[in-house]
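Visitor: You'll find start-v1.txt just under this line, and it carries compact mmCIF, C-alpha atoms and all ligand atoms.
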# COMPACT_ATOMS: atom_id res chain seq x y z
CA MET A 1 75.32 93.78 106.52
CA LYS A 2 78.59 93.55 108.37
CA ILE A 3 81.25 94.07 105.77
CA ILE A 4 84.92 94.88 105.41
CA LEU A 5 86.00 96.88 102.37
CA LEU A 6 89.41 95.91 101.06
CA GLY A 7 91.36 97.51 98.27
CA PRO A 8 94.24 99.89 97.60
CA PRO A 9 94.02 103.60 98.44
CA GLY A 10 91.97 105.27 95.72
CA ALA A 11 89.99 102.11 94.91
CA GLY A 12 86.80 104.00 95.71
CA LYS A 13 86.03 102.40 99.07
CA GLY A 14 84.35 105.56 100.33
CA THR A 15 82.11 105.87 97.28
CA ILE A 16 81.12 102.21 97.40
CA ALA A 17 80.42 102.50 101.11
CA LYS A 18 77.91 105.29 100.44
CA VAL A 19 76.02 103.16 97.90
CA LEU A 20 75.92 100.19 100.27
CA THR A 21 74.86 102.17 103.35
CA GLY A 22 72.12 103.76 101.25
CA TYR A 23 70.86 100.27 100.45
CA ASP A 24 70.34 98.88 103.96
CA GLY A 25 71.01 101.69 106.43
CA SER A 26 74.20 100.21 107.84
CA VAL A 27 76.81 102.73 108.97
CA GLN A 28 80.10 103.48 107.25
CA ILE A 29 83.04 103.49 109.62
CA SER A 30 86.19 104.99 108.12
CA THR A 31 89.27 104.93 110.32
CA GLY A 32 90.84 107.50 107.96
CA ASP A 33 87.92 109.91 108.58
CA ILE A 34 88.05 109.33 112.34
CA LEU A 35 91.79 110.04 112.36
CA ARG A 36 91.53 113.11 110.12
CA ALA A 37 88.81 114.52 112.39
CA ALA A 38 91.07 113.94 115.42
CA VAL A 39 93.93 115.74 113.66
CA ALA A 40 91.66 118.67 112.75
CA GLU A 41 90.43 118.94 116.34
CA GLY A 42 93.96 118.67 117.71
CA THR A 43 93.07 115.93 120.19
CA GLU A 44 95.70 113.71 121.84
CA LEU A 45 94.92 110.99 119.28
CA GLY A 46 95.26 113.52 116.46
CA LYS A 47 98.67 114.65 117.72
CA GLN A 48 99.90 111.07 117.75
CA ALA A 49 98.59 110.32 114.28
CA GLU A 50 99.38 113.49 112.34
CA ALA A 51 102.99 113.00 111.18
CA VAL A 52 102.51 109.30 110.43
CA MET A 53 99.48 110.03 108.26
CA LYS A 54 101.15 112.85 106.39
CA ALA A 55 103.90 110.48 105.28
CA GLY A 56 101.35 107.87 104.21
CA ASP A 57 102.50 105.38 106.83
CA LEU A 58 100.22 103.42 109.15
CA VAL A 59 99.15 104.45 112.63
CA SER A 60 99.96 101.81 115.28
CA ASP A 61 97.71 98.76 115.60
CA ASP A 62 97.10 99.47 119.32
CA LEU A 63 95.85 102.98 118.65
CA ILE A 64 93.53 101.77 115.89
CA MET A 65 92.16 98.87 117.94
CA GLY A 66 91.37 101.26 120.79
CA ILE A 67 89.36 103.45 118.42
CA MET A 68 87.55 100.55 116.79
CA GLU A 69 86.66 98.74 119.97
CA GLN A 70 84.84 101.86 121.18
CA ARG A 71 83.25 102.54 117.82
CA LEU A 72 81.88 99.03 117.22
CA LYS A 73 80.16 99.04 120.59
CA GLN A 74 78.04 102.06 119.74
CA ASP A 75 74.32 101.51 119.19
CA ASP A 76 74.20 102.53 115.53
CA CYS A 77 76.35 99.50 114.67
CA LYS A 78 73.51 97.13 115.51
CA VAL A 79 71.93 97.64 112.06
CA GLY A 80 75.19 96.71 110.39
CA TYR A 81 78.40 98.41 109.29
CA LEU A 82 80.91 98.79 106.54
CA LEU A 83 84.48 99.02 107.67
CA ASP A 84 86.36 101.33 105.32
CA GLY A 85 90.13 101.39 105.81
CA PHE A 86 90.14 98.86 108.65
CA PRO A 87 91.62 96.32 109.23
CA ARG A 88 94.84 97.36 107.51
CA THR A 89 97.26 94.75 108.84
CA ILE A 90 97.12 91.06 109.78
CA PRO A 91 97.41 91.89 113.52
CA GLN A 92 94.39 94.22 113.17
CA ALA A 93 92.43 91.50 111.36
CA GLU A 94 93.24 89.02 114.10
CA ALA A 95 92.35 91.49 116.85
CA LEU A 96 89.05 92.25 115.07
CA LYS A 97 88.22 88.57 114.89
CA LEU A 98 88.76 88.23 118.66
CA LEU A 99 86.79 91.38 119.40
CA LEU A 100 83.80 90.31 117.29
CA GLY A 101 83.94 86.86 118.87
CA LYS A 102 83.70 88.46 122.32
CA MET A 103 80.78 90.59 121.15
CA GLY A 104 79.04 87.55 119.64
CA GLU A 105 79.11 89.01 116.12
CA LYS A 106 80.12 87.65 112.73
CA LEU A 107 81.22 89.35 109.53
CA ASP A 108 79.17 88.65 106.40
CA CYS A 109 81.86 89.33 103.87
CA ALA A 110 85.22 90.93 103.05
CA LEU A 111 84.70 92.79 99.79
CA GLU A 112 87.84 93.32 97.73
CA LEU A 113 87.83 96.05 95.08
CA ASP A 114 90.33 95.02 92.43
CA ILE A 115 91.60 98.05 90.46
CA PRO A 116 94.69 98.38 88.22
CA THR A 117 97.54 100.39 89.77
CA ASP A 118 97.81 102.96 86.96
CA VAL A 119 94.14 103.85 87.40
CA ILE A 120 94.74 104.29 91.13
CA ILE A 121 97.74 106.57 90.76
CA ASP A 122 95.95 108.83 88.28
CA ARG A 123 92.84 108.96 90.45
CA LEU A 124 94.67 109.88 93.65
CA ALA A 125 96.80 112.59 92.11
CA THR A 126 93.69 114.33 90.70
CA ARG A 127 91.55 113.91 93.83
CA ARG A 128 90.55 116.87 96.00
CA THR A 129 88.74 116.78 99.34
CA CYS A 130 86.53 119.26 101.22
CA THR A 131 88.22 120.24 104.49
CA GLN A 132 84.85 120.68 106.19
CA CYS A 133 82.53 117.85 105.14
CA GLY A 134 84.91 115.41 103.45
CA ALA A 135 83.13 115.51 100.06
CA ILE A 136 85.41 114.21 97.31
CA TYR A 137 86.05 115.90 93.97
CA ASN A 138 88.29 115.23 91.00
CA VAL A 139 89.93 118.00 88.98
CA LYS A 140 89.32 116.06 85.75
CA SER A 141 86.13 114.04 86.16
CA LYS A 142 84.22 115.77 88.96
CA PRO A 143 85.27 119.38 89.54
CA PRO A 144 83.26 121.55 91.96
CA LYS A 145 81.02 124.22 90.38
CA VAL A 146 83.27 126.97 91.76
CA GLU A 147 86.98 126.18 91.84
CA GLY A 148 88.25 125.43 95.35
CA ILE A 149 84.80 125.64 96.98
CA CYS A 150 82.67 122.68 98.07
CA ASP A 151 79.27 122.36 96.31
CA VAL A 152 77.79 120.72 99.38
CA CYS A 153 78.88 122.95 102.28
CA GLY A 154 80.89 125.86 100.88
CA GLY A 155 84.08 124.65 102.61
CA ASP A 156 87.58 124.85 101.11
CA ILE A 157 88.62 122.06 98.76
CA VAL A 158 92.25 121.00 98.97
CA GLN A 159 94.65 118.27 97.94
CA ARG A 160 95.27 116.08 100.98
CA ASP A 161 98.83 116.06 102.34
CA ASP A 162 98.97 112.33 101.74
CA GLU A 163 97.89 112.70 98.09
CA THR A 164 101.09 114.26 96.82
CA GLU A 165 102.87 111.95 94.38
CA GLU A 166 105.53 110.93 96.92
CA ALA A 167 102.99 110.07 99.61
CA VAL A 168 100.76 108.23 97.12
CA LEU A 169 103.61 105.97 96.01
CA ASN A 170 104.46 105.28 99.66
CA ARG A 171 100.83 104.45 100.49
CA LEU A 172 100.68 101.98 97.59
CA GLN A 173 103.83 100.31 98.84
CA VAL A 174 102.50 100.17 102.41
CA TYR A 175 99.31 98.67 100.99
CA SER A 176 101.06 95.90 99.08
CA GLU A 177 103.29 95.03 102.02
CA GLN A 178 100.89 95.29 104.96
CA THR A 179 97.31 95.27 103.72
CA ALA A 180 97.28 93.06 100.60
CA PRO A 181 98.00 89.98 102.79
CA LEU A 182 94.49 90.44 104.24
CA ILE A 183 93.09 89.16 100.94
CA GLY A 184 94.58 85.74 101.71
CA PHE A 185 93.51 85.98 105.33
CA TYR A 186 89.85 86.51 104.44
CA ARG A 187 89.99 83.95 101.62
CA ASP A 188 91.04 81.39 104.24
CA GLU A 189 88.18 82.55 106.47
CA GLY A 190 85.78 81.87 103.58
CA LEU A 191 84.68 85.51 103.56
CA LEU A 192 86.36 86.95 100.46
CA LEU A 193 84.37 88.41 97.57
CA THR A 194 86.41 90.08 94.80
CA VAL A 195 84.81 92.57 92.41
CA GLN A 196 86.59 94.20 89.45
CA GLY A 197 86.18 97.95 89.14
CA SER A 198 84.46 100.44 91.36
CA ASP A 199 80.96 100.91 90.00
CA GLY A 200 78.74 101.17 93.08
CA ASN A 201 75.68 99.46 91.62
CA GLN A 202 77.69 96.61 90.14
CA VAL A 203 79.33 96.04 93.51
CA LEU A 204 75.95 96.09 95.26
CA GLU A 205 74.55 93.48 92.84
CA ALA A 206 77.57 91.20 93.37
CA LEU A 207 77.14 91.54 97.11
CA LYS A 208 73.40 90.79 97.05
CA THR A 209 74.03 87.65 95.00
CA ARG A 210 76.72 86.57 97.44
CA LEU A 211 74.64 87.15 100.59
CA LYS A 212 71.49 85.43 99.30
P1 LIG B 301 93.06 105.69 101.91
O1 LIG B 301 92.54 106.80 101.09
O2 LIG B 301 94.51 105.35 101.71
O3 LIG B 301 92.16 104.49 101.96
P2 LIG B 301 92.36 106.40 104.61
O4 LIG B 301 91.55 107.63 104.52
O5 LIG B 301 91.69 105.10 104.88
O6 LIG B 301 93.25 106.31 103.33
O7 LIG B 301 93.48 106.58 105.72
C1 LIG B 301 94.37 107.69 105.73
C2 LIG B 301 95.55 107.41 106.66
O8 LIG B 301 95.07 107.14 107.98
C3 LIG B 301 96.36 106.19 106.30
O9 LIG B 301 97.33 106.47 105.32
C4 LIG B 301 96.99 105.82 107.64
O10 LIG B 301 98.06 106.68 107.97
C5 LIG B 301 95.86 106.12 108.61
N1 LIG B 301 94.99 104.94 108.82
C6 LIG B 301 93.67 104.82 108.48
N2 LIG B 301 93.18 103.61 108.83
C7 LIG B 301 94.21 102.95 109.42
C8 LIG B 301 94.35 101.65 110.00
N3 LIG B 301 93.33 100.78 110.03
N4 LIG B 301 95.57 101.31 110.50
C9 LIG B 301 96.61 102.17 110.49
N5 LIG B 301 96.55 103.40 109.96
C10 LIG B 301 95.37 103.80 109.42
ZN ZN B 302 82.08 120.31 101.97
Rewrite the structure from the file as structure tokens, please.
Ligand code: ADP
Ligand code: ZN
Guide:
Amino acid sequence: MKIILLGPPGAGKGTIAKVLTGYDGSVQISTGDILRAAVAEGTELGKQAEAVMKAGDLVSDDLIMGIMEQRLKQDDCKVGYLLDGFPRTIPQAEALKLLLGKMGEKLDCALELDIPTDVIIDRLATRRTCTQCGAIYNVKSKPPKVEGICDVCGGDIVQRDDETEEAVLNRLQVYSEQTAPLIGFYRDEGLLLTVQGSDGNQVLEALKTRLK
């Protein structure tokens, strides 16, 4: 499958991506994870992205397209991929369309996760992330066995800088202004599939029906 995951921050794109990659072996490509890794390593890219990300704003389209062009040409993408957090703007969606055209590839579907805003805000404010492996916890619904320590790798679990209330509200606004228009873009392309909620198996079933 070659799929784009669309939906507001906190819609559960990462979780859904894991279910879908488990189904057919396609790779999950998260621009957020790539950028956070670059920040952690202190690379040139990381230095450029750090302050922008902390505020919950978007990194420039040029920077993102550079990353994605390289990434999509890697061998593991041949099986299929799920793009998580990309494209985020209409210019990125247009650049992706051109890039895939050049590569002779076609998307199967743009999957929109439709989740009420109040659910999103609550979910993001209670979310915690492992600094080492990226595993996601929730202080209410999925706490780690030992407070502050990752069950998977023993790393430290923290609240992301961009998951403070102020940054969350900004990210939601950035989403509605810059990313929500992609829903119309992919509807016009005939690729949109909207699913309510974020239950992984339900999403997988909807997708299988659609791609039959
Ligand atoms: P979310 O949890 O909001 O889906 P991500 O983990 O996808 O967040 O991304 C975290 C941050 O990385 C974003 O707030 C933004 O600053 C930056 N980022 C990730 N993907 C993109 C992109 N495609 N275009 C611009 N900025 C991006
Ligand atoms: Zn971990």
Visitor: Would you give me, as a Markdown table, each residue of chain A having an atom within 8 Å of an atom of ligand LIG 301 (chain B), along with its shortest atom pair and that distance in Å to one decimal, using only C-alpha atoms and all ligand atoms and sorting by chain and residue number?
Guide:
| residue | atom | partner | partner_atom | distance |
| --- | --- | --- | --- | --- |
| A:Gly7 | CA | B:LIG301 | O3 | 7.9 |
| A:Pro8 | CA | B:LIG301 | O3 | 6.7 |
| A:Pro9 | CA | B:LIG301 | O2 | 3.7 |
| A:Gly10 | CA | B:LIG301 | O1 | 5.6 |
| A:Ala11 | CA | B:LIG301 | O3 | 7.8 |
| A:Lys13 | CA | B:LIG301 | O3 | 7.1 |
| A:Ser30 | CA | B:LIG301 | O5 | 6.4 |
| A:Thr31 | CA | B:LIG301 | N2 | 4.4 |
| A:Gly32 | CA | B:LIG301 | O4 | 3.5 |
| A:Asp33 | CA | B:LIG301 | O4 | 5.9 |
| A:Leu35 | CA | B:LIG301 | O8 | 6.2 |
| A:Arg36 | CA | B:LIG301 | O8 | 7.3 |
| A:Ala49 | CA | B:LIG301 | O10 | 7.3 |
| A:Val52 | CA | B:LIG301 | O10 | 5.7 |
| A:Met53 | CA | B:LIG301 | O10 | 3.7 |
| A:Lys54 | CA | B:LIG301 | O10 | 7.1 |
| A:Ala55 | CA | B:LIG301 | O10 | 7.5 |
| A:Gly56 | CA | B:LIG301 | O9 | 4.4 |
| A:Asp57 | CA | B:LIG301 | O10 | 4.8 |
| A:Leu58 | CA | B:LIG301 | N5 | 3.8 |
| A:Val59 | CA | B:LIG301 | N5 | 3.9 |
| A:Ser60 | CA | B:LIG301 | C9 | 5.9 |
| A:Asp61 | CA | B:LIG301 | N4 | 6.1 |
| A:Ile64 | CA | B:LIG301 | N4 | 5.8 |
| A:Asp84 | CA | B:LIG301 | O5 | 6.5 |
| A:Gly85 | CA | B:LIG301 | O5 | 4.1 |
| A:Phe86 | CA | B:LIG301 | N3 | 4.0 |
| A:Pro87 | CA | B:LIG301 | N3 | 4.8 |
| A:Arg88 | CA | B:LIG301 | N3 | 4.5 |
| A:Thr89 | CA | B:LIG301 | N4 | 7.0 |
| A:Gln92 | CA | B:LIG301 | N3 | 7.3 |
| A:Asp162 | CA | B:LIG301 | O9 | 7.1 |
| A:Arg171 | CA | B:LIG301 | O9 | 6.3 |
Visitor: If you keep C-alpha atoms, can you produce a file of those selected residues as a compact mmCIF listing (two decimals), keeping the file's coordinate frame?
Guide:
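Saved the output as again18.txt:
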# COMPACT_ATOMS: atom_id res chain seq x y z
CA GLY A 7 91.36 97.51 98.27
CA PRO A 8 94.24 99.89 97.60
CA PRO A 9 94.02 103.60 98.44
CA GLY A 10 91.97 105.27 95.72
CA ALA A 11 89.99 102.11 94.91
CA LYS A 13 86.03 102.40 99.07
CA SER A 30 86.19 104.99 108.12
CA THR A 31 89.27 104.93 110.32
CA GLY A 32 90.84 107.50 107.96
CA ASP A 33 87.92 109.91 108.58
CA LEU A 35 91.79 110.04 112.36
CA ARG A 36 91.53 113.11 110.12
CA ALA A 49 98.59 110.32 114.28
CA VAL A 52 102.51 109.30 110.43
CA MET A 53 99.48 110.03 108.26
CA LYS A 54 101.15 112.85 106.39
CA ALA A 55 103.90 110.48 105.28
CA GLY A 56 101.35 107.87 104.21
CA ASP A 57 102.50 105.38 106.83
CA LEU A 58 100.22 103.42 109.15
CA VAL A 59 99.15 104.45 112.63
CA SER A 60 99.96 101.81 115.28
CA ASP A 61 97.71 98.76 115.60
CA ILE A 64 93.53 101.77 115.89
CA ASP A 84 86.36 101.33 105.32
CA GLY A 85 90.13 101.39 105.81
CA PHE A 86 90.14 98.86 108.65
CA PRO A 87 91.62 96.32 109.23
CA ARG A 88 94.84 97.36 107.51
CA THR A 89 97.26 94.75 108.84
CA GLN A 92 94.39 94.22 113.17
CA ASP A 162 98.97 112.33 101.74
CA ARG A 171 100.83 104.45 100.49
Visitor: Have a look at atom CA of A:Met68 and atom CA of A:Leu96 and let me know their distance in Å, one decimal.
Guide: 8.6 Å
Visitor: Report the distance between atom CA of A:Val174 and atom CA of A:Thr117 in Å, rounded to one decimal place.
Guide: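 Answer for the atom CA of A:Val174 to atom CA of A:Thr117 separation: 13.6 Å.
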Visitor: Leaving out stretch 192-201 of chain A and any residue of its chain fewer than 3 positions from it, which residues lie within 8 Å of it when counting all atoms listed in the file, given as a ChimeraX atom specification?
Guide: /A:11-12,15-16,19-20,109-115,183,186-187,189,204-207,210
Visitor: Kindly export the residues of the current selection with C-alpha atoms, as a compact mmCIF listing (two decimals), keeping the file's coordinate frame.
Guide:
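To be explicit, this is the file written out as out-v2.txt:
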# COMPACT_ATOMS: atom_id res chain seq x y z
CA ALA A 11 89.99 102.11 94.91
CA GLY A 12 86.80 104.00 95.71
CA THR A 15 82.11 105.87 97.28
CA ILE A 16 81.12 102.21 97.40
CA VAL A 19 76.02 103.16 97.90
CA LEU A 20 75.92 100.19 100.27
CA CYS A 109 81.86 89.33 103.87
CA ALA A 110 85.22 90.93 103.05
CA LEU A 111 84.70 92.79 99.79
CA GLU A 112 87.84 93.32 97.73
CA LEU A 113 87.83 96.05 95.08
CA ASP A 114 90.33 95.02 92.43
CA ILE A 115 91.60 98.05 90.46
CA ILE A 183 93.09 89.16 100.94
CA TYR A 186 89.85 86.51 104.44
CA ARG A 187 89.99 83.95 101.62
CA GLU A 189 88.18 82.55 106.47
CA LEU A 204 75.95 96.09 95.26
CA GLU A 205 74.55 93.48 92.84
CA ALA A 206 77.57 91.20 93.37
CA LEU A 207 77.14 91.54 97.11
CA ARG A 210 76.72 86.57 97.44
Visitor: Would you mind reading off the distance between atom CA of A:Glu177 and atom CA of A:Ile90, one decimal, in Å?
Guide: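 Going from atom CA of A:Glu177 over to atom CA of A:Ile90 covers 10.7 Å.
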Visitor: Counting all atoms listed in the file, figure out which residue out of A:Val139, A:Ile3, A:Cys150, A:Leu182 gets nearest to ligand ZN 302 (chain B).
Guide: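 The shortest atom-to-atom distance to ligand ZN 302 (chain B) comes from A:Cys150.
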Visitor: Mind checking which residues fall within 8 Å of A:Leu107, counting only C-alpha atoms, ignoring those fewer than 4 positions away in the same chain, and posting them as an MDAnalysis selection string?
Guide: chainID A and resid 1:4 191
Visitor: Residues within 7 Å of ligand ZN 302 (chain B) should be enumerated using only C-alpha atoms and all ligand atoms and returned as a CSV table (one decimal) with C-alpha atoms, in the frame of the given file.
Guide:
chain,number,residue,atom,x,y,z
A,130,CYS,CA,86.5,119.3,101.2
A,131,THR,CA,88.2,120.2,104.5
A,132,GLN,CA,84.8,120.7,106.2
A,133,CYS,CA,82.5,117.8,105.1
A,134,GLY,CA,84.9,115.4,103.4
A,135,ALA,CA,83.1,115.5,100.1
A,150,CYS,CA,82.7,122.7,98.1
A,151,ASP,CA,79.3,122.4,96.3
A,152,VAL,CA,77.8,120.7,99.4
A,153,CYS,CA,78.9,123.0,102.3
A,154,GLY,CA,80.9,125.9,100.9
A,155,GLY,CA,84.1,124.6,102.6
Visitor: Looking at A:Glu50, A:Asp156, A:Asp75, A:Asp122, which one is nearest to A:Lys140, with distances taken over only C-alpha atoms?
Guide: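 Smallest separation from A:Lys140 among the options: A:Asp122.
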Visitor: Using all atoms of stretch 51-70 of chain A listed in the file and a margin of 6 Å per side, can you give the axis-aligned box centre and edge lengths in Å to one decimal, as JSON?
Guide:
{"center_x": 94.4, "center_y": 105.9, "center_z": 112.7, "size_x": 31.1, "size_y": 26.3, "size_z": 29.0}
Visitor: Any chance you could build stretch 130-141 of chain A out to all heavy atoms and write it as an mmCIF file, keeping the file's coordinate frame?
Guide:
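Output file out.cif is given in full below:
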data_model
loop_
_atom_site.group_PDB
_atom_site.id
_atom_site.type_symbol
_atom_site.label_atom_id
_atom_site.label_comp_id
_atom_site.auth_asym_id
_atom_site.auth_seq_id
_atom_site.Cartn_x
_atom_site.Cartn_y
_atom_site.Cartn_z
ATOM 1 N N CYS A 130 87.029 118.121 100.441
ATOM 2 C CA CYS A 130 86.530 119.260 101.220
ATOM 3 C C CYS A 130 87.049 119.164 102.655
ATOM 4 O O CYS A 130 86.900 118.127 103.294
ATOM 5 C CB CYS A 130 85.005 119.297 101.219
ATOM 6 S SG CYS A 130 84.367 120.559 102.330
ATOM 7 N N THR A 131 87.650 120.253 103.131
ATOM 8 C CA THR A 131 88.220 120.240 104.490
ATOM 9 C C THR A 131 87.128 120.230 105.557
ATOM 10 O O THR A 131 87.394 119.874 106.697
ATOM 11 C CB THR A 131 89.100 121.494 104.737
ATOM 12 O OG1 THR A 131 88.346 122.649 104.358
ATOM 13 C CG2 THR A 131 90.375 121.442 103.932
ATOM 14 N N GLN A 132 85.910 120.629 105.175
ATOM 15 C CA GLN A 132 84.850 120.680 106.190
ATOM 16 C C GLN A 132 83.994 119.423 106.254
ATOM 17 O O GLN A 132 83.754 118.875 107.315
ATOM 18 C CB GLN A 132 83.933 121.868 105.912
ATOM 19 C CG GLN A 132 84.398 123.127 106.636
ATOM 20 C CD GLN A 132 83.372 124.226 106.509
ATOM 21 O OE1 GLN A 132 82.186 124.003 106.742
ATOM 22 N NE2 GLN A 132 83.824 125.398 106.108
ATOM 23 N N CYS A 133 83.483 118.969 105.081
ATOM 24 C CA CYS A 133 82.530 117.850 105.140
ATOM 25 C C CYS A 133 83.092 116.565 104.556
ATOM 26 O O CYS A 133 82.446 115.528 104.602
ATOM 27 C CB CYS A 133 81.219 118.216 104.434
ATOM 28 S SG CYS A 133 81.345 118.222 102.635
ATOM 29 N N GLY A 134 84.298 116.633 103.965
ATOM 30 C CA GLY A 134 84.910 115.410 103.450
ATOM 31 C C GLY A 134 84.449 115.014 102.051
ATOM 32 O O GLY A 134 84.873 113.980 101.530
ATOM 33 N N ALA A 135 83.583 115.824 101.433
ATOM 34 C CA ALA A 135 83.130 115.510 100.060
ATOM 35 C C ALA A 135 84.348 115.400 99.148
ATOM 36 O O ALA A 135 85.331 116.121 99.308
ATOM 37 C CB ALA A 135 82.183 116.590 99.560
ATOM 38 N N ILE A 136 84.263 114.468 98.177
ATOM 39 C CA ILE A 136 85.410 114.210 97.310
ATOM 40 C C ILE A 136 85.148 114.700 95.900
ATOM 41 O O ILE A 136 84.072 114.479 95.337
ATOM 42 C CB ILE A 136 85.746 112.709 97.336
ATOM 43 C CG1 ILE A 136 86.178 112.370 98.760
ATOM 44 C CG2 ILE A 136 86.830 112.374 96.331
ATOM 45 C CD1 ILE A 136 86.727 111.009 98.953
ATOM 46 N N TYR A 137 86.135 115.384 95.336
ATOM 47 C CA TYR A 137 86.050 115.900 93.970
ATOM 48 C C TYR A 137 87.218 115.359 93.174
ATOM 49 O O TYR A 137 88.127 114.742 93.723
ATOM 50 C CB TYR A 137 86.085 117.432 93.989
ATOM 51 C CG TYR A 137 84.884 118.012 94.696
ATOM 52 C CD1 TYR A 137 84.911 118.203 96.078
ATOM 53 C CD2 TYR A 137 83.717 118.299 94.003
ATOM 54 C CE1 TYR A 137 83.805 118.687 96.750
ATOM 55 C CE2 TYR A 137 82.605 118.788 94.666
ATOM 56 C CZ TYR A 137 82.649 118.985 96.039
ATOM 57 O OH TYR A 137 81.544 119.457 96.701
ATOM 58 N N ASN A 138 87.169 115.606 91.843
ATOM 59 C CA ASN A 138 88.290 115.230 91.000
ATOM 60 C C ASN A 138 88.488 116.338 89.975
ATOM 61 O O ASN A 138 87.522 116.727 89.318
ATOM 62 C CB ASN A 138 87.994 113.891 90.307
ATOM 63 C CG ASN A 138 89.178 113.420 89.488
ATOM 64 O OD1 ASN A 138 89.531 114.030 88.486
ATOM 65 N ND2 ASN A 138 89.798 112.342 89.924
ATOM 66 N N VAL A 139 89.714 116.853 89.873
ATOM 67 C CA VAL A 139 89.930 118.000 88.980
ATOM 68 C C VAL A 139 89.569 117.686 87.533
ATOM 69 O O VAL A 139 89.195 118.573 86.786
ATOM 70 C CB VAL A 139 91.372 118.566 89.065
ATOM 71 C CG1 VAL A 139 91.609 119.266 90.395
ATOM 72 C CG2 VAL A 139 92.411 117.488 88.843
ATOM 73 N N LYS A 140 89.669 116.413 87.131
ATOM 74 C CA LYS A 140 89.320 116.060 85.750
ATOM 75 C C LYS A 140 87.858 115.647 85.615
ATOM 76 O O LYS A 140 87.113 116.177 84.797
ATOM 77 C CB LYS A 140 90.173 114.878 85.271
ATOM 78 C CG LYS A 140 91.609 115.224 84.957
ATOM 79 C CD LYS A 140 92.234 114.060 84.190
ATOM 80 C CE LYS A 140 93.720 113.919 84.456
ATOM 81 N NZ LYS A 140 94.201 112.561 84.188
ATOM 82 N N SER A 141 87.431 114.661 86.441
ATOM 83 C CA SER A 141 86.130 114.040 86.160
ATOM 84 C C SER A 141 84.985 114.593 87.007
ATOM 85 O O SER A 141 83.818 114.414 86.671
ATOM 86 C CB SER A 141 86.231 112.538 86.361
ATOM 87 O OG SER A 141 86.590 112.259 87.693
#
